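K.L.:
You'll find coords_16.cif just under this line, and it carries mmCIF, C-alpha atoms.
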data_my_file
loop_
_atom_site.label_atom_id
_atom_site.label_comp_id
_atom_site.auth_asym_id
_atom_site.auth_seq_id
_atom_site.Cartn_x
_atom_site.Cartn_y
_atom_site.Cartn_z
CA MET A 29 229.59 92.11 343.69
CA THR A 30 226.99 93.81 345.87
CA PRO A 31 228.12 95.31 349.21
CA ALA A 32 226.21 92.55 351.01
CA ASP A 33 228.00 89.87 348.97
CA ALA A 34 231.36 91.55 349.55
CA ASP A 35 230.71 91.55 353.28
CA LEU A 36 229.66 87.90 353.15
CA ALA A 37 232.83 86.99 351.22
CA ARG A 38 234.96 88.82 353.81
CA ARG A 39 233.29 87.01 356.73
CA ALA A 40 233.58 83.66 354.90
CA HIS A 41 237.27 84.25 354.19
CA THR A 42 237.96 85.12 357.83
CA ALA A 43 236.21 81.91 358.95
CA ALA A 44 237.91 79.69 356.35
CA ALA A 45 241.31 81.16 357.18
CA THR A 46 241.05 79.80 360.75
CA VAL A 47 240.98 76.16 359.59
CA CYS A 48 244.19 74.31 360.45
CA ASP A 49 245.96 71.63 358.47
CA PRO A 50 245.01 68.36 360.20
CA GLU A 51 248.53 66.97 359.82
CA ILE A 52 250.43 70.15 360.72
CA PRO A 53 247.97 71.71 363.17
CA VAL A 54 250.21 74.70 363.87
CA LEU A 55 249.51 76.05 360.36
CA THR A 56 246.25 77.40 359.06
CA ILE A 57 245.30 76.70 355.45
CA ALA A 58 245.89 80.42 354.84
CA ASP A 59 249.48 80.13 356.18
CA LEU A 60 250.05 77.12 353.92
CA GLY A 61 248.65 78.81 350.82
CA VAL A 62 246.07 76.03 350.46
CA LEU A 63 243.21 78.53 350.75
CA ARG A 64 243.00 80.10 347.30
CA ASP A 65 239.85 82.13 346.97
CA VAL A 66 236.46 82.89 348.48
CA THR A 67 233.74 84.04 346.12
CA VAL A 68 230.03 84.72 346.42
CA GLU A 69 227.57 84.12 343.64
CA ASP A 70 223.82 84.66 344.09
CA GLY A 71 224.38 84.73 347.84
CA ARG A 72 226.16 81.34 347.85
CA VAL A 73 229.72 81.12 349.13
CA GLU A 74 232.31 79.08 347.29
CA VAL A 75 235.72 78.39 348.83
CA ALA A 76 238.56 77.29 346.53
CA ILE A 77 241.33 75.15 348.03
CA THR A 78 244.34 73.54 346.37
CA PRO A 79 246.28 70.40 347.35
CA THR A 80 249.95 70.55 348.32
CA TYR A 81 250.42 67.11 346.73
CA SER A 82 248.17 65.23 344.28
CA GLY A 83 247.53 62.51 346.83
CA CYS A 84 247.33 64.70 349.93
CA PRO A 85 244.87 62.75 352.11
CA ALA A 86 244.11 65.86 354.18
CA MET A 87 242.11 67.58 351.42
CA ASP A 88 238.80 65.87 352.21
CA VAL A 89 239.15 66.70 355.91
CA ILE A 90 240.11 70.29 355.11
CA GLY A 91 237.02 70.63 352.89
CA ILE A 92 234.75 69.39 355.67
CA GLU A 93 236.42 71.64 358.25
CA VAL A 94 236.03 74.68 356.00
CA GLN A 95 232.31 73.97 355.70
CA THR A 96 232.08 73.47 359.48
CA ALA A 97 233.95 76.72 360.22
CA LEU A 98 231.69 78.63 357.85
CA ALA A 99 228.56 77.05 359.31
CA GLU A 100 229.70 78.12 362.79
CA ALA A 101 230.13 81.64 361.43
CA GLY A 102 226.51 81.56 360.26
CA ILE A 103 227.20 80.62 356.62
CA PRO A 104 225.59 77.18 356.37
CA ASP A 105 225.58 76.13 352.70
CA ALA A 106 229.07 76.95 351.43
CA ARG A 107 230.56 74.94 348.62
CA VAL A 108 234.19 73.82 348.53
CA ARG A 109 235.92 73.55 345.16
CA LEU A 110 239.27 71.89 344.51
CA VAL A 111 241.51 73.85 342.13
CA LEU A 112 244.81 72.61 340.67
CA SER A 113 246.01 75.63 338.76
CA PRO A 114 248.28 77.38 339.39
CA ALA A 115 249.97 74.42 341.07
CA TRP A 116 250.87 74.84 344.73
CA THR A 117 254.55 75.18 345.53
CA THR A 118 256.25 75.99 348.81
CA ASP A 119 256.37 79.62 347.57
CA TRP A 120 252.67 79.86 348.45
CA MET A 121 253.49 79.48 352.14
CA THR A 122 253.43 82.79 354.03
CA GLU A 123 256.43 84.12 355.97
CA ALA A 124 254.34 83.88 359.15
CA GLY A 125 253.64 80.27 358.29
CA LYS A 126 257.35 79.54 357.87
CA ARG A 127 258.10 81.07 361.30
CA LYS A 128 255.32 78.99 362.91
CA LEU A 129 256.70 75.84 361.28
CA ALA A 130 260.21 76.44 362.63
CA ALA A 131 258.84 77.16 366.12
CA TYR A 132 256.91 73.87 365.88
CA GLY A 133 260.11 71.93 365.11
CA ILE A 134 259.72 71.53 361.35
CA ALA A 135 262.36 73.12 359.11
CA PRO A 136 260.48 75.41 356.69
CA PRO A 137 261.26 75.37 352.95
CA ALA A 138 264.57 77.18 352.72
CA ARG A 139 264.34 78.85 349.33
CA LYS A 140 262.23 79.46 346.31
CA ALA A 141 260.79 76.33 344.76
CA SER A 142 262.38 75.27 341.49
CA ARG A 143 263.87 72.19 339.86
CA ARG A 144 267.27 73.50 340.93
CA ALA A 145 266.09 73.73 344.55
CA LEU A 146 264.68 70.23 344.27
CA PHE A 147 267.78 68.62 342.79
CA GLY A 148 270.58 70.89 344.00
CA GLU A 149 272.60 70.73 347.18
CA GLU A 150 270.21 71.10 350.08
CA GLN A 151 271.01 73.18 353.12
CA VAL A 152 268.62 72.84 356.01
CA THR A 153 268.92 74.62 359.34
CA CYS A 154 268.04 72.65 362.46
CA PRO A 155 264.74 74.07 363.80
CA HIS A 156 265.76 73.07 367.34
CA CYS A 157 269.25 74.56 367.79
CA GLY A 158 269.75 76.60 364.63
CA SER A 159 272.85 74.69 363.52
CA ALA A 160 273.58 74.26 359.83
CA ALA A 161 275.29 70.92 360.57
CA THR A 162 272.41 68.72 359.44
CA GLU A 163 272.03 65.63 357.28
CA LYS A 164 269.18 63.99 355.40
CA VAL A 165 267.99 60.68 356.81
CA SER A 166 265.21 59.95 354.32
CA GLU A 167 263.80 61.77 351.29
CA PHE A 168 260.32 60.87 352.47
CA GLY A 169 258.84 61.57 355.88
CA SER A 170 255.67 61.31 357.92
CA THR A 171 253.60 63.14 355.29
CA ALA A 172 253.96 63.64 351.55
CA CYS A 173 255.24 67.20 351.98
CA LYS A 174 258.15 66.46 354.34
CA ALA A 175 261.54 64.72 354.40
CA LEU A 176 263.33 63.36 357.47
CA TRP A 177 266.55 65.03 358.65
CA ARG A 178 268.76 65.03 361.72
CA CYS A 179 271.02 67.59 363.32
CA THR A 180 274.60 66.46 363.92
CA ALA A 181 275.12 69.28 366.47
CA CYS A 182 272.21 68.72 368.87
CA ARG A 183 271.55 65.15 367.63
CA GLU A 184 267.79 65.74 367.32
CA PRO A 185 265.86 64.35 364.36
CA PHE A 186 263.40 66.68 362.65
CA ASP A 187 261.03 66.97 359.70
CA SER A 188 261.90 69.31 356.86
CA PHE A 189 259.39 70.74 354.40
CA LYS A 190 260.38 69.65 350.89
CA CYS A 191 261.27 72.54 348.62
CA ILE A 192 258.91 71.59 345.84
CA MET B 29 226.59 52.55 342.31
CA PRO B 30 225.20 49.82 340.01
CA THR B 31 226.69 46.34 340.19
CA THR B 32 227.38 45.91 336.49
CA SER B 33 230.63 46.63 334.74
CA LEU B 34 230.90 50.00 333.14
CA SER B 35 229.88 50.32 329.51
CA HIS B 36 230.62 53.74 328.17
CA THR B 37 231.46 55.33 324.86
CA GLU B 38 235.17 55.86 324.70
CA THR B 39 236.09 58.91 322.68
CA PRO B 40 239.79 59.33 321.84
CA LEU B 41 240.07 62.01 324.55
CA LEU B 42 238.52 59.75 327.18
CA ALA B 43 240.78 56.87 326.14
CA GLY B 44 243.81 59.14 326.40
CA ILE B 45 242.86 60.35 329.88
CA LEU B 46 242.17 56.79 331.03
CA ALA B 47 245.59 55.61 329.83
CA LEU B 48 247.19 58.27 332.05
CA ALA B 49 244.89 57.46 334.96
CA ASP B 50 245.35 53.68 334.68
CA ASP B 51 249.15 53.96 334.54
CA ALA B 52 249.13 55.98 337.75
CA LEU B 53 246.59 53.82 339.58
CA ILE B 54 248.15 50.45 338.75
CA LEU B 55 251.66 51.66 339.56
CA GLY B 56 250.38 53.17 342.81
CA HIS B 57 248.65 49.91 343.70
CA ARG B 58 251.78 47.87 342.99
CA LEU B 59 253.92 50.20 345.13
CA SER B 60 251.38 50.10 347.96
CA GLU B 61 251.91 46.32 348.15
CA TRP B 62 255.28 47.11 349.75
CA CYS B 63 253.65 48.85 352.70
CA GLY B 64 254.88 47.02 355.80
CA HIS B 65 257.26 44.81 353.77
CA ALA B 66 260.07 47.08 352.54
CA PRO B 67 263.67 46.24 353.45
CA MET B 68 263.90 49.17 355.88
CA LEU B 69 261.58 51.63 357.55
CA GLU B 70 262.68 54.68 355.54
CA GLU B 71 262.09 52.83 352.29
CA ASP B 72 258.74 51.54 353.48
CA ILE B 73 257.70 55.15 354.03
CA ALA B 74 259.20 56.23 350.71
CA LEU B 75 257.41 53.58 348.64
CA ALA B 76 254.12 54.29 350.41
CA ASN B 77 254.59 58.02 349.75
CA ILE B 78 255.31 57.43 346.06
CA ALA B 79 252.25 55.16 345.90
CA LEU B 80 250.18 57.93 347.47
CA ASP B 81 251.38 60.45 344.87
CA CYS B 82 250.49 58.01 342.08
CA VAL B 83 247.01 57.28 343.43
CA GLY B 84 246.46 61.03 343.89
CA GLN B 85 247.47 61.66 340.27
CA ALA B 86 245.16 58.84 339.18
CA ARG B 87 242.25 60.42 341.07
CA SER B 88 242.79 63.73 339.29
CA PHE B 89 242.78 62.00 335.88
CA TYR B 90 239.77 59.81 336.72
CA ALA B 91 237.81 62.81 338.00
CA TYR B 92 238.48 64.52 334.66
CA ALA B 93 237.55 61.32 332.78
CA ALA B 94 234.21 61.33 334.63
CA GLU B 95 233.65 64.97 333.70
CA VAL B 96 234.43 64.25 330.04
CA ALA B 97 232.26 61.10 329.98
CA GLY B 98 229.30 62.84 331.63
CA GLY B 99 226.20 60.84 332.49
CA GLY B 100 226.74 61.17 336.23
CA LEU B 101 229.79 58.88 336.27
CA THR B 102 232.37 59.39 339.02
CA GLU B 103 236.09 58.74 339.37
CA ASP B 104 235.22 55.56 341.32
CA ASP B 105 233.19 54.13 338.42
CA PHE B 106 236.30 54.14 336.25
CA ALA B 107 238.56 52.64 338.91
CA TYR B 108 236.19 50.02 340.29
CA ARG B 109 233.82 49.03 337.50
CA ARG B 110 235.96 48.36 334.46
CA GLU B 111 237.07 44.90 333.35
CA VAL B 112 240.67 43.95 332.63
CA GLY B 113 240.20 44.51 328.89
CA GLN B 114 238.98 48.05 329.50
CA TYR B 115 242.14 49.07 331.35
CA ARG B 116 244.57 51.02 329.16
CA ASN B 117 247.70 51.08 331.32
CA CYS B 118 251.04 50.05 329.88
CA LEU B 119 252.25 46.54 330.75
CA LEU B 120 255.29 47.84 332.64
CA VAL B 121 253.32 49.18 335.62
CA GLU B 122 251.41 45.94 336.20
CA GLN B 123 254.54 43.78 336.39
CA PRO B 124 255.00 42.21 339.84
CA ASN B 125 257.20 43.95 342.39
CA GLY B 126 259.79 41.16 342.37
CA ASP B 127 262.59 41.84 344.81
CA PHE B 128 263.53 45.36 345.89
CA ALA B 129 265.83 45.72 342.86
CA GLY B 130 262.93 44.75 340.59
CA THR B 131 260.70 47.47 342.06
CA ILE B 132 263.47 50.07 341.82
CA VAL B 133 264.27 49.21 338.19
CA ARG B 134 260.57 49.38 337.26
CA GLN B 135 260.33 52.74 339.03
CA VAL B 136 263.38 54.15 337.26
CA LEU B 137 262.10 53.01 333.85
CA ILE B 138 258.60 54.43 334.30
CA SER B 139 259.77 57.63 336.03
CA ALA B 140 262.37 58.33 333.33
CA PHE B 141 259.46 58.34 330.88
CA VAL B 142 256.65 59.92 332.93
CA ASP B 143 258.81 62.78 334.23
CA PRO B 144 259.42 64.38 330.79
CA TYR B 145 255.94 63.31 329.66
CA TYR B 146 254.19 65.22 332.46
CA ARG B 147 256.45 68.19 331.89
CA ALA B 148 255.45 68.23 328.22
CA LEU B 149 251.80 67.76 329.21
CA THR B 150 251.91 71.03 331.18
CA ALA B 151 251.87 72.73 327.73
CA SER B 152 248.69 70.88 326.67
CA ARG B 153 245.94 72.89 325.01
CA ASP B 154 243.61 71.06 327.40
CA ALA B 155 243.67 73.27 330.50
CA THR B 156 242.67 70.50 332.92
CA LEU B 157 245.34 68.08 331.71
CA ALA B 158 247.91 70.89 331.88
CA ALA B 159 246.89 71.68 335.46
CA ILE B 160 247.05 68.05 336.61
CA ALA B 161 250.47 67.68 334.97
CA ALA B 162 251.81 70.88 336.57
CA LYS B 163 250.94 69.41 339.96
CA ALA B 164 252.25 65.93 339.17
CA GLU B 165 255.52 66.71 337.40
CA LYS B 166 257.24 67.92 340.56
CA GLU B 167 256.23 64.74 342.38
CA THR B 168 257.48 62.57 339.53
CA ALA B 169 260.80 64.39 339.41
CA TYR B 170 261.24 63.49 343.07
CA HIS B 171 260.39 59.83 342.33
CA LEU B 172 262.95 59.73 339.54
CA ARG B 173 265.66 61.13 341.74
CA HIS B 174 264.86 58.72 344.57
CA SER B 175 264.69 55.56 342.45
CA GLY B 176 267.69 56.64 340.37
CA GLU B 177 269.85 57.04 343.49
CA TRP B 178 268.77 53.60 344.67
CA LEU B 179 269.59 51.98 341.34
CA ILE B 180 273.06 53.52 341.47
CA ARG B 181 273.57 52.09 344.95
CA LEU B 182 272.32 48.64 343.93
CA GLY B 183 274.18 48.45 340.61
CA ASP B 184 277.40 49.84 342.02
CA GLY B 185 277.00 47.90 345.27
CA THR B 186 277.78 44.26 345.98
CA ASP B 187 277.98 41.44 343.42
CA GLU B 188 274.60 40.26 344.69
CA SER B 189 272.84 43.64 344.37
CA HIS B 190 274.44 44.22 340.96
CA ALA B 191 273.29 40.82 339.72
CA ARG B 192 269.75 41.42 340.93
CA ALA B 193 269.57 44.88 339.36
CA ARG B 194 270.98 43.44 336.12
CA ALA B 195 268.40 40.62 336.09
CA ALA B 196 265.52 43.04 336.76
CA LEU B 197 266.68 45.33 333.97
CA ASP B 198 266.82 42.41 331.51
CA GLU B 199 263.39 41.25 332.63
CA LEU B 200 261.64 44.62 332.40
CA TRP B 201 263.40 46.15 329.39
CA PRO B 202 261.00 44.60 326.81
CA TYR B 203 258.14 46.57 328.42
CA THR B 204 259.69 49.96 327.65
CA GLY B 205 258.91 49.94 323.92
CA GLU B 206 255.19 50.32 324.55
CA LEU B 207 255.74 53.67 326.26
CA PHE B 208 256.68 55.22 322.92
CA GLU B 209 253.97 53.64 320.76
CA VAL B 210 251.24 55.85 319.34
CA ASP B 211 247.94 54.53 317.94
CA PRO B 212 245.92 56.56 315.39
CA ALA B 213 243.45 57.91 317.98
CA GLU B 214 246.29 59.14 320.17
CA GLY B 215 247.97 60.51 317.06
CA ALA B 216 244.98 62.78 316.48
CA LEU B 217 245.18 64.06 320.08
CA ILE B 218 248.89 64.75 319.61
CA GLU B 219 248.11 66.57 316.38
CA ALA B 220 245.56 68.72 318.23
CA GLY B 221 248.06 69.63 320.96
CA THR B 222 246.10 67.81 323.66
CA LEU B 223 248.76 65.20 324.42
CA PRO B 224 252.54 65.30 323.94
CA ASP B 225 254.15 62.98 321.40
CA PRO B 226 255.96 60.27 323.41
CA ARG B 227 258.26 59.57 320.44
CA ALA B 228 259.71 63.05 320.88
CA LEU B 229 260.70 62.15 324.45
CA ARG B 230 262.78 59.11 323.49
CA ALA B 231 266.10 60.97 323.46
CA GLU B 232 265.54 62.41 326.94
CA PHE B 233 264.47 59.00 328.26
CA ASP B 234 267.61 57.39 326.83
CA ALA B 235 269.86 60.15 328.19
CA THR B 236 268.36 59.93 331.69
CA LEU B 237 268.68 56.18 331.69
CA ASP B 238 272.22 56.14 330.34
CA HIS B 239 273.29 58.61 333.01
CA ILE B 240 271.80 56.53 335.84
CA LEU B 241 272.92 53.18 334.41
CA GLY B 242 276.42 54.52 333.82
CA GLU B 243 276.79 55.50 337.47
CA ALA B 244 275.27 52.17 338.43
CA THR B 245 277.85 50.28 336.29
CA LEU B 246 274.96 48.80 334.33
CA THR B 247 274.20 49.01 330.61
CA ARG B 248 271.04 49.21 328.59
CA PRO B 249 270.04 45.69 327.48
CA ALA B 250 270.80 45.02 323.82
CA GLY B 251 267.49 43.30 323.08
CA THR B 252 265.18 45.11 320.67
CA TRP B 253 262.12 42.83 320.84
CA MET B 254 259.36 44.62 322.72
CA GLN B 255 256.11 43.62 324.39
CA GLY B 256 252.96 45.62 323.68
CA GLY B 257 249.18 45.65 323.87
CA GLY B 258 248.39 47.16 327.26
CA ARG B 259 247.11 50.41 325.77
CA ALA B 260 244.65 48.36 323.68
CA GLY B 261 243.50 46.34 326.70
CA ARG B 262 245.62 43.23 326.06
CA HIS B 263 247.23 42.71 329.45
CA SER B 264 249.52 40.23 331.12
CA GLU B 265 247.88 37.80 333.54
CA HIS B 266 248.93 40.01 336.45
CA LEU B 267 246.38 42.78 335.94
CA GLY B 268 243.43 40.48 336.63
CA PHE B 269 244.86 39.63 340.03
CA ILE B 270 245.47 43.31 340.79
CA LEU B 271 241.87 44.20 339.90
CA ALA B 272 240.50 41.27 341.90
CA ASP B 273 242.20 42.81 344.92
CA LEU B 274 241.58 46.47 344.06
CA GLN B 275 237.92 46.09 343.02
CA TYR B 276 236.82 43.36 345.43
CA LEU B 277 234.93 45.56 347.86
CA GLN B 278 232.93 47.49 345.27
CA ARG B 279 232.17 44.30 343.33
CA ALA B 280 231.02 42.42 346.45
CA HIS B 281 229.26 45.38 348.09
CA PRO B 282 228.32 47.78 345.26
CA GLY B 283 228.23 51.40 346.34
CA ALA B 284 229.70 50.71 349.79
CA THR B 285 231.06 53.82 351.48
CA TRP B 286 232.70 54.60 354.81
#
Using structure tokens, write down the structure from this file.
P.N.:
Amino acid sequence: MTPADADLARRAHTAAATVCDPEIPVLTIADLGVLRDVTVEDGRVEVAITPTYSGCPAMDVIGIEVQTALAEAGIPDARVRLVLSPAWTTDWMTEAGKRKLAAYGIAPPARKASRRALFGEEQVTCPHCGSAATEKVSEFGSTACKALWRCTACREPFDSFKCI
Amino acid sequence: MPTTSLSHTETPLLAGILALADDALILGHRLSEWCGHAPMLEEDIALANIALDCVGQARSFYAYAAEVAGGGLTEDDFAYRREVGQYRNCLLVEQPNGDFAGTIVRQVLISAFVDPYYRALTASRDATLAAIAAKAEKETAYHLRHSGEWLIRLGDGTDESHARARAALDELWPYTGELFEVDPAEGALIEAGTLPDPRALRAEFDATLDHILGEATLTRPAGTWMQGGGRAGRHSEHLGFILADLQYLQRAHPGATW
């Protein structure tokens, strides 16, 4: 990569990393681990993103917002490519992202993703009061990536990121 | 998008991808029919979420089918421009929702098969199929757990819920045989390491089912006569009605976008 291309890739990455998830606006796609790679070939920028779930309806919007963010940064003709491999898991979420989620009222994924984490006993801490006295209300929530829980200490309902 | 039905050359690989795509799309469409009608809000959200996963999986497979077919075809061409006889989904996924027990039994039966199938597909020599499966298998595992827990509650619930689950199981059981059938073209793909051999997954399917049914105080139906033909395009009357609904807009207004 030429120094000019490397500089372009850096600027493009910085711009793409500011795009927020439309359904969880407190997280950027970099926090989520949805932003995979930014490359430059023959002066053309390509941004690789990956879905959290196969049917995640936010992917089209995220693609458009990445192109918009890059255009605003003076990079008008970027391409967005959808990649599936390696598959996204909650392990791709950054620690900063997990802290932002909790502050926003969504319990972050509690441990490393695995079949055991998916099927084992779940322990979720209430993002509102910090109590461990919580119970699952529904395995599915407002978006594909979340389940619905409630805290039996402070009585507040909350979303929890599925450990998948 | 042209108005005519799709006529394309179906290589064994394309047929194999379309069978996976059609299973996911038709199941997703059936589940989406519950949206706004489920017995309770949480389950309405759950069924819509499972439907969304299925349609998302279908899109990944159709997009790959379009790439393999070439000629500028898109994922939408395969979903919206094929006739009933060109659909390769198994008969199980097109069966009507019935009551809630019927939908849950259908979901348990298909998930108990698709879950190990996708997991085996992650080892495919075809990198794209392996990648789609790696994404999808975690979703399907979640579907299996969810529908399995419901079947246990229904079977081991009241006399009424037990009877309904029992009736649905008897009704849908003859559609499970087709899941394990292999035609010669698929056999070649299995030989090449592109697709897993469904026959090798029978023991896991039976074990999963026996575990769930045992907890649900239900038993596997004794009948051995099985329906078949979906993979070859011979469908029950239901698929035509599904496609009339699913394809209406693109058939009436070809190429419409929004």
K.L.:
Would you list which chain B residues are within 8 Å of chain A using only C-alpha atoms, as an MDAnalysis selection string?
P.N.:
chainID B and resid 70 73:74 77 80:85 88 159:160 162:164 166:167 170 173:174
K.L.:
How many Å separate CA of Val112 in chain B from CA of Leu53 in chain B?
P.N.:
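Here the two named atoms are 13.4 Å from each other.
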K.L.:
Expand the PyMOL selection byres ((chain B and resi 136-140) around 7) into the individual residues it matches in the shown file, reporting them as a list in words.
P.N.:
Ile132, Val133, Arg134, Gln135, Phe141, Val142, Asp143, Thr168, His171, Leu172, Ser175, Gly176, Phe233, Thr236 and Leu237 of chain B
K.L.:
Convert the current residue selection to file output with C-alpha atoms, as a PDB file, in the coordinates of the input.
P.N.:
ATOM      1  CA  ILE B 132     263.470  50.070 341.820  1.00  0.00           C
ATOM      2  CA  VAL B 133     264.270  49.210 338.190  1.00  0.00           C
ATOM      3  CA  ARG B 134     260.570  49.380 337.260  1.00  0.00           C
ATOM      4  CA  GLN B 135     260.330  52.740 339.030  1.00  0.00           C
ATOM      5  CA  PHE B 141     259.460  58.340 330.880  1.00  0.00           C
ATOM      6  CA  VAL B 142     256.650  59.920 332.930  1.00  0.00           C
ATOM      7  CA  ASP B 143     258.810  62.780 334.230  1.00  0.00           C
ATOM      8  CA  THR B 168     257.480  62.570 339.530  1.00  0.00           C
ATOM      9  CA  HIS B 171     260.390  59.830 342.330  1.00  0.00           C
ATOM     10  CA  LEU B 172     262.950  59.730 339.540  1.00  0.00           C
ATOM     11  CA  SER B 175     264.690  55.560 342.450  1.00  0.00           C
ATOM     12  CA  GLY B 176     267.690  56.640 340.370  1.00  0.00           C
ATOM     13  CA  PHE B 233     264.470  59.000 328.260  1.00  0.00           C
ATOM     14  CA  THR B 236     268.360  59.930 331.690  1.00  0.00           C
ATOM     15  CA  LEU B 237     268.680  56.180 331.690  1.00  0.00           C
TER      16      LEU B 237
END
K.L.:
Name the residues that the PyMOL selection byres ((chain B and resi 271-283) around 10) pulls out of this structure, and write them as a ChimeraX atom specification.
P.N.:
/B:29-33,53-54,57,104-105,107-112,115,266-270,284-285
K.L.:
Excluding same-chain residues fewer than 5 positions from Trp62 in chain B, what lies within 12 Å of it counting only C-alpha atoms, as a VMD selection string?
P.N.:
chain B and resid 55 to 57 67 to 69 71 to 79 124 to 128 131 to 132
K.L.:
May I have the residues within 10 Å of range 37-41 of chain B as a ChimeraX atom specification, using all atoms listed in the file and disregarding those fewer than 4 positions away in the same chain?
P.N.:
/B:45-47,93,96-97,114,212-217,222-223
K.L.:
Give as number ranges by chain the residues that the PyMOL selection byres ((chain A and resi 33) around 12) matches when applied to the coordinates above.
P.N.:
A: 29-32, 34-40, 66-74
K.L.:
Next, dump the selected residues to file, keeping only C-alpha atoms, as a PDB file, in the frame of the given file.
P.N.:
ATOM      1  CA  MET A  29     229.590  92.110 343.690  1.00  0.00           C
ATOM      2  CA  THR A  30     226.990  93.810 345.870  1.00  0.00           C
ATOM      3  CA  PRO A  31     228.120  95.310 349.210  1.00  0.00           C
ATOM      4  CA  ALA A  32     226.210  92.550 351.010  1.00  0.00           C
ATOM      5  CA  ALA A  34     231.360  91.550 349.550  1.00  0.00           C
ATOM      6  CA  ASP A  35     230.710  91.550 353.280  1.00  0.00           C
ATOM      7  CA  LEU A  36     229.660  87.900 353.150  1.00  0.00           C
ATOM      8  CA  ALA A  37     232.830  86.990 351.220  1.00  0.00           C
ATOM      9  CA  ARG A  38     234.960  88.820 353.810  1.00  0.00           C
ATOM     10  CA  ARG A  39     233.290  87.010 356.730  1.00  0.00           C
ATOM     11  CA  ALA A  40     233.580  83.660 354.900  1.00  0.00           C
ATOM     12  CA  VAL A  66     236.460  82.890 348.480  1.00  0.00           C
ATOM     13  CA  THR A  67     233.740  84.040 346.120  1.00  0.00           C
ATOM     14  CA  VAL A  68     230.030  84.720 346.420  1.00  0.00           C
ATOM     15  CA  GLU A  69     227.570  84.120 343.640  1.00  0.00           C
ATOM     16  CA  ASP A  70     223.820  84.660 344.090  1.00  0.00           C
ATOM     17  CA  GLY A  71     224.380  84.730 347.840  1.00  0.00           C
ATOM     18  CA  ARG A  72     226.160  81.340 347.850  1.00  0.00           C
ATOM     19  CA  VAL A  73     229.720  81.120 349.130  1.00  0.00           C
ATOM     20  CA  GLU A  74     232.310  79.080 347.290  1.00  0.00           C
TER      21      GLU A  74
END
K.L.:
Between CA of Leu129 in chain A and CA of Ala99 in chain A, measure the distance and give it in Å to one decimal.
P.N.:
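Computed distance, CA of Leu129 in chain A to CA of Ala99 in chain A, equals 28.2 Å.
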K.L.:
Could you give me, as a PyMOL selection string, the residues that have an atom at most 6 Å away from the point (228.8, 76.3, 352.3) in the coordinates of the file, using all atoms listed in the file?
P.N.:
chain A and resi 73+95+104-107
K.L.:
Write a file of the selected residues as a CSV table (one decimal), in the frame of the given file, keeping C-alpha atoms.
P.N.:
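Below is the file that was written, part.csv:
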chain,number,residue,atom,x,y,z
A,73,VAL,CA,229.7,81.1,349.1
A,95,GLN,CA,232.3,74.0,355.7
A,104,PRO,CA,225.6,77.2,356.4
A,105,ASP,CA,225.6,76.1,352.7
A,106,ALA,CA,229.1,77.0,351.4
A,107,ARG,CA,230.6,74.9,348.6
